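As provided, start12.cif (mmCIF, C-alpha atoms) reads as follows.
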```
data_upload
#
loop_
_atom_site.label_atom_id
_atom_site.label_comp_id
_atom_site.auth_asym_id
_atom_site.auth_seq_id
_atom_site.Cartn_x
_atom_site.Cartn_y
_atom_site.Cartn_z
CA MET A 1 -28.30 -15.49 10.13
CA ALA A 2 -26.67 -12.75 8.04
CA GLU A 3 -23.02 -13.23 7.12
CA ALA A 4 -20.63 -11.09 9.14
CA GLN A 5 -19.05 -8.16 7.31
CA LEU A 6 -16.32 -7.72 9.91
CA VAL A 7 -14.85 -10.40 12.18
CA ILE A 8 -12.40 -9.72 15.01
CA GLU A 9 -10.61 -12.79 16.39
CA HIS A 10 -8.51 -12.74 19.58
CA LEU A 11 -7.25 -9.21 18.97
CA THR A 12 -4.54 -8.10 21.37
CA LYS A 13 -2.52 -4.89 21.55
CA VAL A 14 0.41 -4.38 23.91
CA TYR A 15 2.19 -1.03 24.31
CA GLU A 16 5.41 0.10 26.00
CA ARG A 17 7.52 -3.05 25.94
CA GLY A 18 4.71 -5.25 27.16
CA GLU A 19 3.81 -3.10 30.14
CA VAL A 20 0.41 -1.81 28.88
CA LEU A 21 -2.23 -4.26 27.68
CA ALA A 22 -4.60 -2.03 25.69
CA LEU A 23 -6.65 -4.85 24.12
CA ASP A 24 -6.89 -8.27 25.73
CA ASP A 25 -8.10 -11.14 23.50
CA VAL A 26 -11.04 -9.23 21.96
CA SER A 27 -13.37 -11.19 19.66
CA PHE A 28 -16.68 -10.18 18.05
CA SER A 29 -18.34 -9.86 14.66
CA VAL A 30 -20.34 -7.12 12.94
CA GLU A 31 -23.09 -7.69 10.40
CA LYS A 32 -23.60 -5.36 7.46
CA GLY A 33 -25.88 -2.44 8.29
CA GLU A 34 -25.36 -2.48 12.05
CA PHE A 35 -24.88 0.68 14.12
CA LEU A 36 -22.54 -0.80 16.71
CA ILE A 37 -21.53 1.40 19.61
CA LEU A 38 -18.45 0.90 21.78
CA ILE A 39 -18.73 2.24 25.31
CA GLY A 40 -16.42 2.36 28.30
CA LEU A 41 -14.26 4.66 30.35
CA SER A 42 -11.34 6.59 28.87
CA GLY A 43 -8.48 4.14 28.47
CA SER A 44 -10.78 1.13 28.14
CA GLY A 45 -9.49 0.36 24.63
CA LYS A 46 -12.21 1.82 22.38
CA SER A 47 -9.94 4.06 20.29
CA THR A 48 -7.20 1.44 20.10
CA LEU A 49 -9.71 -1.10 18.84
CA LEU A 50 -10.94 1.14 16.01
CA ARG A 51 -7.39 2.05 15.03
CA CYS A 52 -6.26 -1.58 15.05
CA ILE A 53 -9.08 -2.60 12.72
CA ASN A 54 -7.93 -0.22 9.97
CA ARG A 55 -4.29 -0.63 11.04
CA LEU A 56 -3.60 2.95 11.97
CA VAL A 57 -2.23 1.04 14.96
CA GLU A 58 -0.60 -2.35 14.38
CA PRO A 59 -2.17 -5.18 16.45
CA THR A 60 0.20 -7.30 18.51
CA SER A 61 -1.72 -10.47 17.68
CA GLY A 62 -5.09 -11.67 16.44
CA LYS A 63 -6.97 -11.57 13.17
CA ILE A 64 -9.21 -8.97 11.48
CA LEU A 65 -11.38 -10.14 8.58
CA LEU A 66 -13.28 -7.72 6.34
CA ASP A 67 -15.59 -9.42 3.83
CA GLY A 68 -13.51 -12.55 4.37
CA GLY A 69 -10.15 -10.88 3.62
CA ASP A 70 -7.49 -10.75 6.34
CA ILE A 71 -6.60 -7.09 7.03
CA THR A 72 -3.80 -8.10 9.38
CA LYS A 73 -1.92 -9.71 6.47
CA ALA A 74 -2.51 -6.91 3.95
CA LYS A 75 0.56 -5.31 2.35
CA THR A 76 0.80 -1.55 1.70
CA SER A 77 -0.94 -1.43 -1.70
CA GLU A 78 -3.71 -3.79 -0.60
CA LEU A 79 -4.17 -1.90 2.67
CA ARG A 80 -4.67 1.31 0.69
CA ARG A 81 -7.51 -0.35 -1.22
CA ILE A 82 -9.05 -1.69 1.98
CA ARG A 83 -8.97 1.75 3.61
CA ARG A 84 -11.06 3.15 0.75
CA LYS A 85 -13.90 1.11 2.22
CA ILE A 86 -13.44 2.50 5.73
CA GLY A 87 -14.36 6.08 6.57
CA MET A 88 -12.99 7.57 9.80
CA ILE A 89 -14.35 10.43 11.90
CA PHE A 90 -12.08 11.65 14.68
CA GLN A 91 -12.62 13.19 18.10
CA GLN A 92 -10.56 16.28 17.27
CA PHE A 93 -11.87 16.52 13.68
CA ASN A 94 -8.42 16.08 12.01
CA LEU A 95 -8.97 18.87 9.51
CA VAL A 96 -6.31 20.98 7.83
CA LYS A 97 -7.32 24.11 9.70
CA ARG A 98 -5.82 26.66 7.27
CA SER A 99 -7.38 25.03 4.24
CA SER A 100 -10.88 25.60 2.95
CA VAL A 101 -13.82 23.38 3.80
CA MET A 102 -13.90 22.21 0.17
CA THR A 103 -10.21 21.19 0.23
CA ASN A 104 -10.77 19.20 3.43
CA VAL A 105 -13.77 17.40 2.00
CA LEU A 106 -11.96 16.56 -1.24
CA ALA A 107 -9.29 14.82 0.85
CA GLY A 108 -11.80 12.00 1.16
CA ARG A 109 -11.09 11.10 -2.49
CA LEU A 110 -7.31 10.82 -2.13
CA GLY A 111 -7.53 7.05 -1.79
CA TYR A 112 -9.00 6.91 -5.30
CA ALA A 113 -6.65 9.43 -6.94
CA SER A 114 -3.44 8.62 -8.79
CA MET A 115 -0.15 9.53 -7.15
CA TRP A 116 0.40 12.71 -9.20
CA ARG A 117 -3.19 13.89 -8.67
CA SER A 118 -2.76 13.33 -4.92
CA LEU A 119 0.49 15.29 -4.85
CA PHE A 120 -0.92 18.30 -6.71
CA GLY A 121 -4.43 18.20 -5.27
CA ARG A 122 -6.07 17.91 -8.69
CA PHE A 123 -9.57 16.50 -8.71
CA SER A 124 -12.05 15.69 -11.46
CA LYS A 125 -15.20 17.67 -12.14
CA GLN A 126 -17.13 14.66 -10.87
CA ASP A 127 -15.26 14.78 -7.56
CA LEU A 128 -15.92 18.51 -7.22
CA GLU A 129 -19.64 17.94 -7.76
CA ARG A 130 -19.60 15.04 -5.31
CA ALA A 131 -17.94 17.29 -2.70
CA LYS A 132 -20.62 19.94 -3.16
CA GLY A 133 -23.28 17.28 -2.74
CA SER A 134 -21.66 15.99 0.45
CA LEU A 135 -21.47 19.51 1.90
CA ASP A 136 -25.07 20.16 0.95
CA ARG A 137 -26.08 16.97 2.72
CA VAL A 138 -24.55 18.12 6.01
CA GLY A 139 -25.87 21.67 5.62
CA LEU A 140 -22.56 23.39 4.90
CA ILE A 141 -22.68 24.19 1.20
CA GLU A 142 -22.49 27.92 1.96
CA LYS A 143 -19.24 27.36 3.88
CA MET A 144 -17.37 25.59 1.08
CA TYR A 145 -14.75 28.33 0.66
CA THR A 146 -14.45 29.16 4.38
CA ARG A 147 -11.28 28.19 6.21
CA ALA A 148 -11.85 25.20 8.48
CA ASP A 149 -10.54 27.01 11.57
CA GLN A 150 -13.29 29.63 11.21
CA LEU A 151 -16.01 27.06 11.86
CA SER A 152 -17.58 26.01 15.15
CA GLY A 153 -16.78 22.59 16.59
CA GLY A 154 -20.05 21.13 15.37
CA GLN A 155 -19.49 22.51 11.89
CA GLN A 156 -15.95 21.11 11.80
CA GLN A 157 -17.25 17.67 12.71
CA ARG A 158 -19.84 17.92 9.92
CA VAL A 159 -16.96 18.66 7.53
CA GLY A 160 -15.40 15.43 8.79
CA ILE A 161 -18.64 13.59 7.99
CA ALA A 162 -18.73 15.13 4.48
CA ARG A 163 -15.11 14.02 3.97
CA ALA A 164 -16.10 10.49 5.00
CA LEU A 165 -19.05 10.59 2.59
CA MET A 166 -16.60 11.31 -0.23
CA GLN A 167 -15.05 7.88 0.28
CA GLU A 168 -18.40 6.18 -0.32
CA PRO A 169 -17.43 3.86 2.56
CA GLU A 170 -18.86 0.46 3.39
CA LEU A 171 -17.72 0.89 7.00
CA LEU A 172 -17.61 4.07 9.06
CA PHE A 173 -15.58 4.37 12.26
CA ALA A 174 -16.36 7.29 14.56
CA ASP A 175 -13.94 7.73 17.47
CA GLU A 176 -15.65 9.79 20.19
CA PRO A 177 -17.10 12.10 17.51
CA VAL A 178 -19.14 14.21 19.96
CA SER A 179 -16.92 14.35 23.05
CA ALA A 180 -15.86 17.95 22.27
CA LEU A 181 -19.41 19.12 21.49
CA ASP A 182 -22.38 20.36 23.50
CA PRO A 183 -25.45 18.06 23.93
CA ALA A 184 -27.60 19.65 21.21
CA THR A 185 -24.77 19.53 18.68
CA SER A 186 -23.94 15.96 19.72
CA ASN A 187 -27.37 14.74 18.66
CA SER A 188 -27.15 16.66 15.40
CA VAL A 189 -23.83 15.01 14.49
CA LEU A 190 -25.01 11.52 15.45
CA GLN A 191 -28.15 11.99 13.36
CA TYR A 192 -25.95 12.44 10.28
CA LEU A 193 -24.19 9.17 11.10
CA GLU A 194 -27.58 7.52 11.59
CA GLN A 195 -28.64 8.83 8.19
CA MET A 196 -25.57 7.28 6.53
CA ASN A 197 -26.36 4.02 8.29
CA GLN A 198 -30.06 3.86 7.43
CA GLU A 199 -30.17 5.53 4.02
CA ASP A 200 -26.80 4.53 2.55
CA GLY A 201 -26.46 1.15 4.24
CA VAL A 202 -23.10 2.06 5.79
CA THR A 203 -22.10 -0.10 8.74
CA VAL A 204 -21.14 2.16 11.66
CA LEU A 205 -18.80 1.49 14.59
CA CYS A 206 -18.95 4.43 16.96
CA ALA A 207 -17.12 4.92 20.26
CA LEU A 208 -19.07 6.98 22.80
CA HIS A 209 -18.82 7.91 26.48
CA PHE A 210 -22.49 8.55 27.19
CA LEU A 211 -24.80 5.57 27.59
CA SER A 212 -27.91 7.65 26.84
CA LEU A 213 -26.56 8.39 23.35
CA ALA A 214 -25.57 4.75 22.90
CA ARG A 215 -29.12 3.67 23.75
CA ARG A 216 -30.61 6.22 21.36
CA TYR A 217 -28.50 5.41 18.29
CA GLY A 218 -27.05 1.93 18.71
CA THR A 219 -28.53 -1.27 17.34
CA ARG A 220 -26.03 -3.17 19.50
CA ILE A 221 -23.53 -2.23 22.20
CA ILE A 222 -20.13 -3.61 23.15
CA ALA A 223 -18.64 -2.39 26.42
CA LEU A 224 -14.90 -2.48 27.06
CA LYS A 225 -13.14 -2.34 30.40
CA ASP A 226 -9.35 -2.64 30.77
CA GLY A 227 -9.13 -3.85 27.17
CA LYS A 228 -11.66 -6.67 27.59
CA ILE A 229 -15.26 -7.03 26.46
CA VAL A 230 -17.48 -6.97 29.57
CA PHE A 231 -20.82 -6.63 27.78
CA GLU A 232 -22.17 -7.41 24.34
CA GLY A 233 -25.86 -7.07 23.59
CA LEU A 234 -28.84 -4.80 23.01
CA PRO A 235 -28.97 -1.26 24.43
CA LYS A 236 -32.07 -2.07 26.51
CA ASP A 237 -30.17 -4.82 28.34
CA ILE A 238 -27.84 -2.38 30.12
CA ASP A 239 -29.55 -1.83 33.45
CA GLY A 240 -28.20 -0.09 36.56
CA ALA A 241 -26.15 -3.09 37.64
CA ARG A 242 -24.56 -3.44 34.21
CA PHE A 243 -23.80 0.28 34.15
CA LYS A 244 -21.90 -0.02 37.45
CA GLU A 245 -20.03 -3.05 36.15
CA ILE A 246 -18.88 -1.12 33.08
CA TYR A 247 -18.19 2.30 34.58
CA GLY A 248 -17.50 1.55 38.26
CA GLU A 249 -19.50 1.62 41.48
CA ASP A 250 -19.09 5.38 41.96
CA ALA A 251 -20.21 6.32 38.45
CA GLU A 252 -23.45 8.22 37.87
CA GLU A 253 -25.24 8.08 34.53
CA VAL A 254 -25.54 11.44 32.74
CA GLU A 255 -28.41 11.88 30.30
CA ILE A 256 -27.70 13.64 27.00
CA ARG A 257 -30.88 14.67 25.20
#
```
Mind turning the file's structure into structure tokens?
Amino acid sequence: MAEAQLVIEHLTKVYERGEVLALDDVSFSVEKGEFLILIGLSGSGKSTLLRCINRLVEPTSGKILLDGGDITKAKTSELRRIRRKIGMIFQQFNLVKRSSVMTNVLAGRLGYASMWRSLFGRFSKQDLERAKGSLDRVGLIEKMYTRADQLSGGQQQRVGIARALMQEPELLFADEPVSALDPATSNSVLQYLEQMNQEDGVTVLCALHFLSLARRYGTRIIALKDGKIVFEGLPKDIDGARFKEIYGEDAEEVEIR
């Protein structure tokens, strides 16, 4: 059996003075090269889980191990080094809308830059060439000097992917990356993530709403409900009964092609 790249042990997150249990004793492991998809209703804990792993949100308890190192114990300087390994793609793109596409993509190198270079936005010739290559890879090289807010939603998400490419990540987290996009654009965006997974060997953890997309792209699926894991297995193993268990008796599956 391959050694786990990421191990989550008894992860719990409580909000609002103990009144909201967002994650409830969640444990699982991820092997290098997986395309793991998290599914579940809104509020099931998918986004909280991704954010706890890279400590954008502080876990209440539990342990997170990346390549054997404990992320939950990492101090600020060590955490900065760890986050270099983890790319993040957001639901609402998280771009600086008034800045150019190139400036947004170069932000993916900030974790590698010295403090003064970060403050003044100065990047090496190598980084500039790498940014052009990343934009070319997602089909946006001609938009490099366009302001981010002048792009369509699908184009903005591709800028987010190019920014993640700049990190040269070992892990890529995608938090509902296609929820704001139409079906055709959704597949296009997920194909770029699949390419990073298969061609670059990047391990992907992707939160999605639609089971049809999870079946198409995932090598394994974890389903969350009320902060707990209610399913862990292969996409083909989610039948009609499992779907109802995850999404509720009144839910109807919507196909995205």
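Among the candidates A:Arg17, A:Thr12, A:Phe90, A:Leu165, the residue lying nearest to Gly45 of chain A is A:Thr12 (atoms considered: only C-alpha atoms).
Atom to atom, atom CA of Gly218 of chain A and atom CA of Lys32 of chain A stand 13.8 Å apart.
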Requested in this report: Determine, counting all atoms listed in the file, which protein, DNA and RNA residues have an atom within 9 Å of an atom of Asn54 of chain A; residues of the same chain fewer than 4 positions away are not included. Present the result as a PyMOL selection string.
Outcome: chain A and resi 50+58+64+71-72+79+82-83+86
Query raised in the report: Can you list what the PyMOL selection byres ((chain A and resi 183-193) around 7) grabs from this structure, as JSON, numbers by chain?
Result: {"A": [154, 158, 178, 181, 182, 194, 195, 196, 197, 256, 257]}
Query - Residue neighbourhood Ser99 of chain A, 12 Å, only C-alpha atoms, exclusion window fewer than 2 positions, as a PyMOL selection string - result: chain A and resi 94-97+101-107+144-151+159
Please enclose the listed atoms of segment 11-30 of chain A in an axis-aligned box, pad each side by 3 Å, and write out the centre and the three edge lengths in Å, rounded to one decimal, as lines of an AutoDock Vina configuration file.
```
center_x = -6.4
center_y = -5.5
center_z = 21.5
size_x = 33.9
size_y = 17.3
size_z = 23.2
```
